[in-house]
$ cat work39.cif   # mmCIF, C-alpha atoms
data_structure
loop_
_atom_site.label_atom_id
_atom_site.label_comp_id
_atom_site.auth_asym_id
_atom_site.auth_seq_id
_atom_site.Cartn_x
_atom_site.Cartn_y
_atom_site.Cartn_z
CA GLY O 1 26.78 20.70 -2.15
CA GLU O 2 27.50 23.91 -0.33
CA ASP O 3 30.63 24.46 -2.40
CA GLY O 4 28.72 24.09 -5.68
CA ARG O 5 30.43 20.80 -6.50
CA ARG O 6 29.17 17.23 -6.37
CA ASP O 7 30.79 15.39 -3.44
CA VAL O 8 30.22 11.93 -1.97
CA ASP O 9 28.74 13.51 1.17
CA ASP O 10 26.05 15.34 -0.83
CA GLY O 11 23.72 12.31 -0.84
CA ALA O 12 21.76 10.76 -3.65
CA VAL O 13 21.25 12.59 -6.92
CA VAL O 14 17.63 13.18 -7.93
CA ARG O 15 17.57 11.93 -11.51
CA LEU O 16 13.86 12.45 -12.13
CA ALA O 17 10.98 14.05 -10.21
CA GLY O 18 7.42 15.06 -10.81
CA GLU O 19 3.81 15.21 -9.74
CA VAL O 20 1.28 12.38 -9.86
CA THR O 21 -2.11 13.64 -11.04
CA SER O 22 -4.02 10.46 -11.94
CA PRO O 23 -3.84 6.69 -11.48
CA GLY O 24 -1.48 5.10 -13.97
CA THR O 25 0.69 8.18 -14.33
CA LEU O 26 3.67 6.27 -12.98
CA CYS O 27 3.42 3.42 -15.52
CA ASP O 28 5.51 5.38 -17.99
CA VAL O 29 8.02 6.37 -15.31
CA LEU O 30 8.39 2.76 -14.17
CA ALA O 31 8.86 1.59 -17.77
CA MET O 32 11.43 4.29 -18.51
CA VAL O 33 13.46 3.55 -15.39
CA ALA O 34 13.44 -0.17 -16.19
CA GLN O 35 14.32 0.30 -19.87
CA SER O 36 17.13 2.69 -18.99
CA GLY O 37 18.66 0.10 -16.68
CA TRP O 38 19.09 2.68 -13.95
CA ARG O 39 20.07 1.64 -10.45
CA GLY O 40 18.17 3.55 -7.85
CA GLU O 41 15.07 4.15 -5.79
CA LEU O 42 11.72 5.37 -7.07
CA VAL O 43 10.01 7.10 -4.15
CA VAL O 44 6.30 7.86 -4.40
CA LEU O 45 4.60 10.04 -1.80
CA ASP O 46 0.89 10.63 -1.40
CA SER O 47 -0.81 12.56 1.40
CA ASP O 48 -0.49 9.75 3.95
CA HIS O 49 2.07 7.20 2.72
CA SER O 50 5.38 6.60 1.06
CA ARG O 51 6.49 3.72 -1.10
CA SER O 52 9.93 2.97 -2.51
CA VAL O 53 10.66 0.65 -5.41
CA PHE O 54 14.31 -0.30 -5.93
CA PHE O 55 15.71 -0.91 -9.41
CA GLU O 56 18.88 -2.47 -10.72
CA GLN O 57 19.74 -3.26 -14.36
CA GLY O 58 16.12 -3.02 -15.47
CA PHE O 59 14.72 -5.23 -12.70
CA ILE O 60 12.82 -4.45 -9.54
CA VAL O 61 14.95 -5.80 -6.71
CA GLY O 62 12.88 -4.73 -3.70
CA ALA O 63 10.29 -2.40 -2.23
CA LEU O 64 9.46 -0.63 1.01
CA THR O 65 6.11 0.76 2.12
CA THR O 66 4.53 2.60 5.03
CA VAL O 67 1.07 1.26 4.08
CA GLU O 68 -0.03 -1.27 6.71
CA GLU O 69 -2.06 -3.33 4.23
CA GLU O 70 1.06 -3.85 2.10
CA ARG O 71 3.18 -5.23 4.95
CA LEU O 72 4.24 -8.88 4.82
CA GLY O 73 1.89 -10.00 7.61
CA ARG O 74 -1.12 -8.44 5.90
CA VAL O 75 -0.12 -9.99 2.58
CA LEU O 76 0.15 -13.43 4.19
CA TYR O 77 -3.26 -12.94 5.80
CA ARG O 78 -4.94 -11.57 2.66
CA PHE O 79 -3.81 -14.58 0.62
CA GLY O 80 -5.03 -17.02 3.28
CA VAL O 81 -1.63 -18.26 4.39
CA ILE O 82 -2.11 -17.25 8.04
CA THR O 83 -5.17 -16.55 10.18
CA ASP O 84 -6.09 -13.28 11.89
CA GLU O 85 -5.10 -14.80 15.23
CA GLN O 86 -1.71 -15.87 13.86
CA LEU O 87 -1.17 -12.38 12.47
CA SER O 88 -1.88 -10.86 15.89
CA THR O 89 0.62 -13.26 17.47
CA LEU O 90 3.25 -12.31 14.90
CA LEU O 91 2.68 -8.59 15.33
CA ALA O 92 3.15 -8.99 19.09
CA ARG O 93 6.47 -10.76 18.48
CA MET O 94 7.59 -7.89 16.25
CA ASP O 95 7.24 -5.48 19.17
CA GLY O 96 10.13 -7.42 20.69
CA GLY O 97 12.26 -6.72 17.63
CA GLN O 98 11.85 -10.02 15.82
CA ARG O 99 11.16 -9.98 12.07
CA LEU O 100 7.71 -11.18 11.07
CA GLY O 101 8.95 -13.85 8.65
CA GLU O 102 11.39 -15.26 11.18
CA ALA O 103 8.68 -15.45 13.83
CA ALA O 104 6.21 -17.07 11.40
CA VAL O 105 8.71 -19.82 10.54
CA GLU O 106 9.75 -20.28 14.17
CA LEU O 107 6.11 -20.72 15.24
CA GLY O 108 5.44 -23.14 12.35
CA PHE O 109 2.84 -20.89 10.67
CA VAL O 110 4.72 -20.97 7.35
CA THR O 111 7.80 -22.50 5.76
CA GLN O 112 10.91 -20.55 4.86
CA GLU O 113 10.01 -21.04 1.17
CA GLN O 114 6.57 -19.49 1.76
CA VAL O 115 8.17 -16.48 3.43
CA TYR O 116 10.37 -15.83 0.39
CA GLU O 117 7.48 -16.46 -2.02
CA PHE O 118 5.27 -13.95 -0.23
CA MET O 119 8.06 -11.42 0.20
CA ARG O 120 8.22 -11.42 -3.59
CA ARG O 121 4.43 -11.13 -3.73
CA GLN O 122 4.65 -8.21 -1.32
CA VAL O 123 7.05 -6.41 -3.66
CA GLU O 124 4.60 -6.95 -6.52
CA GLU O 125 1.75 -5.61 -4.38
CA VAL O 126 3.74 -2.48 -3.50
CA VAL O 127 4.63 -1.91 -7.17
CA PHE O 128 1.01 -2.25 -8.23
CA ALA O 129 -0.17 0.06 -5.44
CA THR O 130 2.48 2.58 -6.50
CA LEU O 131 1.04 2.59 -10.01
CA THR O 132 -2.45 3.32 -8.70
CA VAL O 133 -1.49 6.44 -6.73
CA SER O 134 -3.69 9.24 -8.06
CA ASP O 135 -2.36 12.31 -6.27
CA GLY O 136 1.14 12.88 -4.99
CA THR O 137 4.76 13.31 -5.97
CA PHE O 138 7.57 11.06 -7.09
CA PHE O 139 11.31 11.23 -7.45
CA PHE O 140 13.96 8.80 -8.61
CA LEU O 141 17.18 8.77 -6.63
CA ASP O 142 20.35 7.58 -8.32
CA GLY O 143 21.59 4.52 -6.40
CA PHE O 144 20.52 3.15 -3.02
CA ASP O 145 21.92 1.56 0.12
CA ASP O 146 21.73 -2.24 -0.27
CA GLY O 147 21.26 -2.51 3.51
CA ARG O 148 17.73 -1.14 3.13
CA LEU O 149 16.64 -4.26 1.23
CA ILE O 150 15.41 -7.11 3.41
CA THR O 151 15.66 -9.55 0.52
CA ARG O 152 16.76 -9.15 -3.07
CA HIS O 153 14.60 -10.19 -6.00
CA ALA O 154 14.86 -9.85 -9.78
CA ILE O 155 11.34 -9.02 -10.90
CA SER O 156 10.60 -7.78 -14.39
CA PRO O 157 8.46 -4.62 -14.07
CA ARG O 158 6.44 -5.74 -17.08
CA LEU O 159 5.80 -9.16 -15.53
CA ALA O 160 4.90 -7.65 -12.14
CA MET O 161 2.28 -5.41 -13.73
CA ARG O 162 0.89 -8.19 -15.93
CA MET O 163 0.63 -10.69 -13.05
CA ARG O 164 -1.25 -8.21 -10.89
CA LEU O 165 -3.65 -7.19 -13.64
CA ASN O 166 -4.62 -10.81 -14.44
#
$ encode --input "work39.cif" --output "structure tokens"
Amino acid sequence: GEDGRRDVDDGAVVRLAGEVTSPGTLCDVLAMVAQSGWRGELVVLDSDHSRSVFFEQGFIVGALTTVEEERLGRVLYRFGVITDEQLSTLLARMDGGQRLGEAAVELGFVTQEQVYEFMRRQVEEVVFATLTVSDGTFFFLDGFDDGRLITRHAISPRLAMRMRLN
């Protein structure tokens, strides 16, 4: 802070930061954060996008992304759960402020269980994409605002990487 002391108003503490220079660089960072049991947000920035992976007690509990292909609607489409036309309909409903998953259930495109299943899959996709960043920066912020998580999961980082690689 301005007074040289750590105050509540100073914001999140950067616990770890660095540069990403090749794909896979972040595997060790992800493993260390998980093994340490830290609670916080791993933010990865490349030239065009940002991704955040949220950790708590060694588990990945959520993720956020600015990459369109990693959004829930695109994940549902890519895995054949919804059609391109249904995705367009859902995206139009989002312009009105409705969440994509809510709209998909309301329109009968998916069940509530499928929404939760693919929200988890989306988190795994974001984690995997984070690990493949080849040029950028990262930082780990101590703690995070729970309100930023749309849903909460408990995904083992090791399992998420293994599932995606198979």
$ resolve_selection --input "work39.cif" --expression "the PyMOL selection byres ((chain O and resi 38) around 9)" --output "JSON, numbers by chain"
{"O": [33, 34, 35, 36, 37, 39, 40, 55, 56, 57, 58, 142, 143]}
$ resolve_selection --input "work39.cif" --expression "the PyMOL selection byres ((chain O and resi 19) around 9)" --output "PDB file with C-alpha atoms, in the coordinates of the input"
ATOM      1  CA  ALA O  17      10.980  14.050 -10.210  1.00  0.00           C
ATOM      2  CA  GLY O  18       7.420  15.060 -10.810  1.00  0.00           C
ATOM      3  CA  VAL O  20       1.280  12.380  -9.860  1.00  0.00           C
ATOM      4  CA  THR O  21      -2.110  13.640 -11.040  1.00  0.00           C
ATOM      5  CA  THR O  25       0.690   8.180 -14.330  1.00  0.00           C
ATOM      6  CA  ASP O 135      -2.360  12.310  -6.270  1.00  0.00           C
ATOM      7  CA  GLY O 136       1.140  12.880  -4.990  1.00  0.00           C
ATOM      8  CA  THR O 137       4.760  13.310  -5.970  1.00  0.00           C
ATOM      9  CA  PHE O 138       7.570  11.060  -7.090  1.00  0.00           C
ATOM     10  CA  PHE O 139      11.310  11.230  -7.450  1.00  0.00           C
TER      11      PHE O 139
END
$ resolve_selection --input "work39.cif" --expression "the PyMOL selection byres ((chain O and resi 123-134) around 9)" --output "PyMOL selection string"
chain O and resi 20-27+30+44-46+51-53+60-65+67+70-71+75+118-122+135-136+153+155+157+160-161+163-165
$ closest_residue --input "work39.cif" --among "O:Gln86, O:Thr151, O:Ala104, O:Phe140" --to "Tyr116 in chain O" --atoms "all atoms listed in the file"
O:Thr151
$ atom_distance --input "work39.cif" --atom1 "CA of Glu68 in chain O" --atom2 "CA of Gly11 in chain O"
28.4 Å
$ atom_distance --input "work39.cif" --atom1 "CA of Phe79 in chain O" --atom2 "CA of Gly147 in chain O"
28.0 Å
$ atom_distance --input "work39.cif" --atom1 "CA of Val105 in chain O" --atom2 "CA of Tyr77 in chain O"
14.6 Å
$ closest_residue --input "work39.cif" --among "O:Phe54, O:Arg158, O:Asp145, O:Glu113" --to "Asp28 in chain O" --atoms "all atoms listed in the file"
O:Arg158
$ build_atoms --input "work39.cif" --residues "range 146-157 of chain O" --atoms "all heavy atoms" --output "PDB file, keeping the file's coordinate frame"
ATOM      1  N   ASP O 146      22.169  -0.845  -0.240  1.00  0.00           N
ATOM      2  CA  ASP O 146      21.730  -2.240  -0.270  1.00  0.00           C
ATOM      3  C   ASP O 146      21.220  -2.719   1.098  1.00  0.00           C
ATOM      4  O   ASP O 146      20.388  -3.620   1.160  1.00  0.00           O
ATOM      5  CB  ASP O 146      22.866  -3.162  -0.725  1.00  0.00           C
ATOM      6  CG  ASP O 146      23.128  -3.051  -2.211  1.00  0.00           C
ATOM      7  OD1 ASP O 146      22.194  -3.286  -2.987  1.00  0.00           O
ATOM      8  OD2 ASP O 146      24.273  -2.725  -2.591  1.00  0.00           O
ATOM      9  N   GLY O 147      21.680  -2.120   2.164  1.00  0.00           N
ATOM     10  CA  GLY O 147      21.260  -2.510   3.510  1.00  0.00           C
ATOM     11  C   GLY O 147      19.784  -2.235   3.775  1.00  0.00           C
ATOM     12  O   GLY O 147      19.216  -2.767   4.718  1.00  0.00           O
ATOM     13  N   ARG O 148      19.160  -1.423   2.952  1.00  0.00           N
ATOM     14  CA  ARG O 148      17.730  -1.140   3.130  1.00  0.00           C
ATOM     15  C   ARG O 148      16.850  -2.257   2.596  1.00  0.00           C
ATOM     16  O   ARG O 148      15.669  -2.304   2.906  1.00  0.00           O
ATOM     17  CB  ARG O 148      17.374   0.189   2.444  1.00  0.00           C
ATOM     18  CG  ARG O 148      18.075   1.356   3.126  1.00  0.00           C
ATOM     19  CD  ARG O 148      17.666   2.688   2.590  1.00  0.00           C
ATOM     20  NE  ARG O 148      16.238   2.888   2.716  1.00  0.00           N
ATOM     21  CZ  ARG O 148      15.521   3.586   1.841  1.00  0.00           C
ATOM     22  NH1 ARG O 148      16.094   4.116   0.789  1.00  0.00           N
ATOM     23  NH2 ARG O 148      14.223   3.753   2.017  1.00  0.00           N
ATOM     24  N   LEU O 149      17.410  -3.148   1.776  1.00  0.00           N
ATOM     25  CA  LEU O 149      16.640  -4.260   1.230  1.00  0.00           C
ATOM     26  C   LEU O 149      16.667  -5.439   2.199  1.00  0.00           C
ATOM     27  O   LEU O 149      17.738  -5.870   2.619  1.00  0.00           O
ATOM     28  CB  LEU O 149      17.201  -4.713  -0.118  1.00  0.00           C
ATOM     29  CG  LEU O 149      17.168  -3.703  -1.245  1.00  0.00           C
ATOM     30  CD1 LEU O 149      17.798  -4.297  -2.496  1.00  0.00           C
ATOM     31  CD2 LEU O 149      15.753  -3.241  -1.529  1.00  0.00           C
ATOM     32  N   ILE O 150      15.497  -5.947   2.532  1.00  0.00           N
ATOM     33  CA  ILE O 150      15.410  -7.110   3.410  1.00  0.00           C
ATOM     34  C   ILE O 150      15.785  -8.361   2.646  1.00  0.00           C
ATOM     35  O   ILE O 150      16.513  -9.213   3.124  1.00  0.00           O
ATOM     36  CB  ILE O 150      14.001  -7.215   4.019  1.00  0.00           C
ATOM     37  CG1 ILE O 150      13.750  -5.990   4.899  1.00  0.00           C
ATOM     38  CG2 ILE O 150      13.842  -8.501   4.815  1.00  0.00           C
ATOM     39  CD1 ILE O 150      12.320  -5.819   5.327  1.00  0.00           C
ATOM     40  N   THR O 151      15.269  -8.475   1.438  1.00  0.00           N
ATOM     41  CA  THR O 151      15.660  -9.550   0.520  1.00  0.00           C
ATOM     42  C   THR O 151      15.850  -8.916  -0.852  1.00  0.00           C
ATOM     43  O   THR O 151      15.401  -7.812  -1.108  1.00  0.00           O
ATOM     44  CB  THR O 151      14.575 -10.644   0.394  1.00  0.00           C
ATOM     45  OG1 THR O 151      13.368 -10.060  -0.095  1.00  0.00           O
ATOM     46  CG2 THR O 151      14.323 -11.327   1.717  1.00  0.00           C
ATOM     47  N   ARG O 152      16.499  -9.642  -1.711  1.00  0.00           N
ATOM     48  CA  ARG O 152      16.760  -9.150  -3.070  1.00  0.00           C
ATOM     49  C   ARG O 152      16.054 -10.065  -4.056  1.00  0.00           C
ATOM     50  O   ARG O 152      16.159 -11.278  -3.978  1.00  0.00           O
ATOM     51  CB  ARG O 152      18.253  -9.129  -3.330  1.00  0.00           C
ATOM     52  CG  ARG O 152      18.629  -8.590  -4.678  1.00  0.00           C
ATOM     53  CD  ARG O 152      20.144  -8.503  -4.786  1.00  0.00           C
ATOM     54  NE  ARG O 152      20.645  -7.287  -4.182  1.00  0.00           N
ATOM     55  CZ  ARG O 152      20.653  -6.108  -4.794  1.00  0.00           C
ATOM     56  NH1 ARG O 152      20.185  -5.985  -6.006  1.00  0.00           N
ATOM     57  NH2 ARG O 152      21.139  -5.048  -4.199  1.00  0.00           N
ATOM     58  N   HIS O 153      15.322  -9.455  -4.960  1.00  0.00           N
ATOM     59  CA  HIS O 153      14.600 -10.190  -6.000  1.00  0.00           C
ATOM     60  C   HIS O 153      15.061  -9.685  -7.357  1.00  0.00           C
ATOM     61  O   HIS O 153      15.797  -8.710  -7.440  1.00  0.00           O
ATOM     62  CB  HIS O 153      13.078  -9.951  -5.855  1.00  0.00           C
ATOM     63  CG  HIS O 153      12.558 -10.308  -4.507  1.00  0.00           C
ATOM     64  ND1 HIS O 153      12.202 -11.583  -4.163  1.00  0.00           N
ATOM     65  CD2 HIS O 153      12.366  -9.555  -3.401  1.00  0.00           C
ATOM     66  CE1 HIS O 153      11.799 -11.601  -2.914  1.00  0.00           C
ATOM     67  NE2 HIS O 153      11.890 -10.382  -2.421  1.00  0.00           N
ATOM     68  N   ALA O 154      14.616 -10.321  -8.414  1.00  0.00           N
ATOM     69  CA  ALA O 154      14.860  -9.850  -9.780  1.00  0.00           C
ATOM     70  C   ALA O 154      13.534  -9.995 -10.517  1.00  0.00           C
ATOM     71  O   ALA O 154      13.274 -10.992 -11.166  1.00  0.00           O
ATOM     72  CB  ALA O 154      15.958 -10.646 -10.458  1.00  0.00           C
ATOM     73  N   ILE O 155      12.687  -8.983 -10.358  1.00  0.00           N
ATOM     74  CA  ILE O 155      11.340  -9.020 -10.900  1.00  0.00           C
ATOM     75  C   ILE O 155      11.258  -8.082 -12.104  1.00  0.00           C
ATOM     76  O   ILE O 155      11.603  -6.907 -12.000  1.00  0.00           O
ATOM     77  CB  ILE O 155      10.307  -8.588  -9.841  1.00  0.00           C
ATOM     78  CG1 ILE O 155      10.406  -9.492  -8.606  1.00  0.00           C
ATOM     79  CG2 ILE O 155       8.896  -8.600 -10.413  1.00  0.00           C
ATOM     80  CD1 ILE O 155       9.627  -8.983  -7.410  1.00  0.00           C
ATOM     81  N   SER O 156      10.799  -8.613 -13.214  1.00  0.00           N
ATOM     82  CA  SER O 156      10.600  -7.780 -14.390  1.00  0.00           C
ATOM     83  C   SER O 156       9.422  -6.851 -14.119  1.00  0.00           C
ATOM     84  O   SER O 156       8.344  -7.306 -13.749  1.00  0.00           O
ATOM     85  CB  SER O 156      10.279  -8.656 -15.605  1.00  0.00           C
ATOM     86  OG  SER O 156       9.707  -7.893 -16.631  1.00  0.00           O
ATOM     87  N   PRO O 157       9.587  -5.536 -14.286  1.00  0.00           N
ATOM     88  CA  PRO O 157       8.460  -4.620 -14.070  1.00  0.00           C
ATOM     89  C   PRO O 157       7.262  -4.973 -14.941  1.00  0.00           C
ATOM     90  O   PRO O 157       6.122  -4.899 -14.505  1.00  0.00           O
ATOM     91  CB  PRO O 157       9.032  -3.252 -14.448  1.00  0.00           C
ATOM     92  CG  PRO O 157      10.499  -3.397 -14.244  1.00  0.00           C
ATOM     93  CD  PRO O 157      10.826  -4.821 -14.596  1.00  0.00           C
TER      94      PRO O 157
END
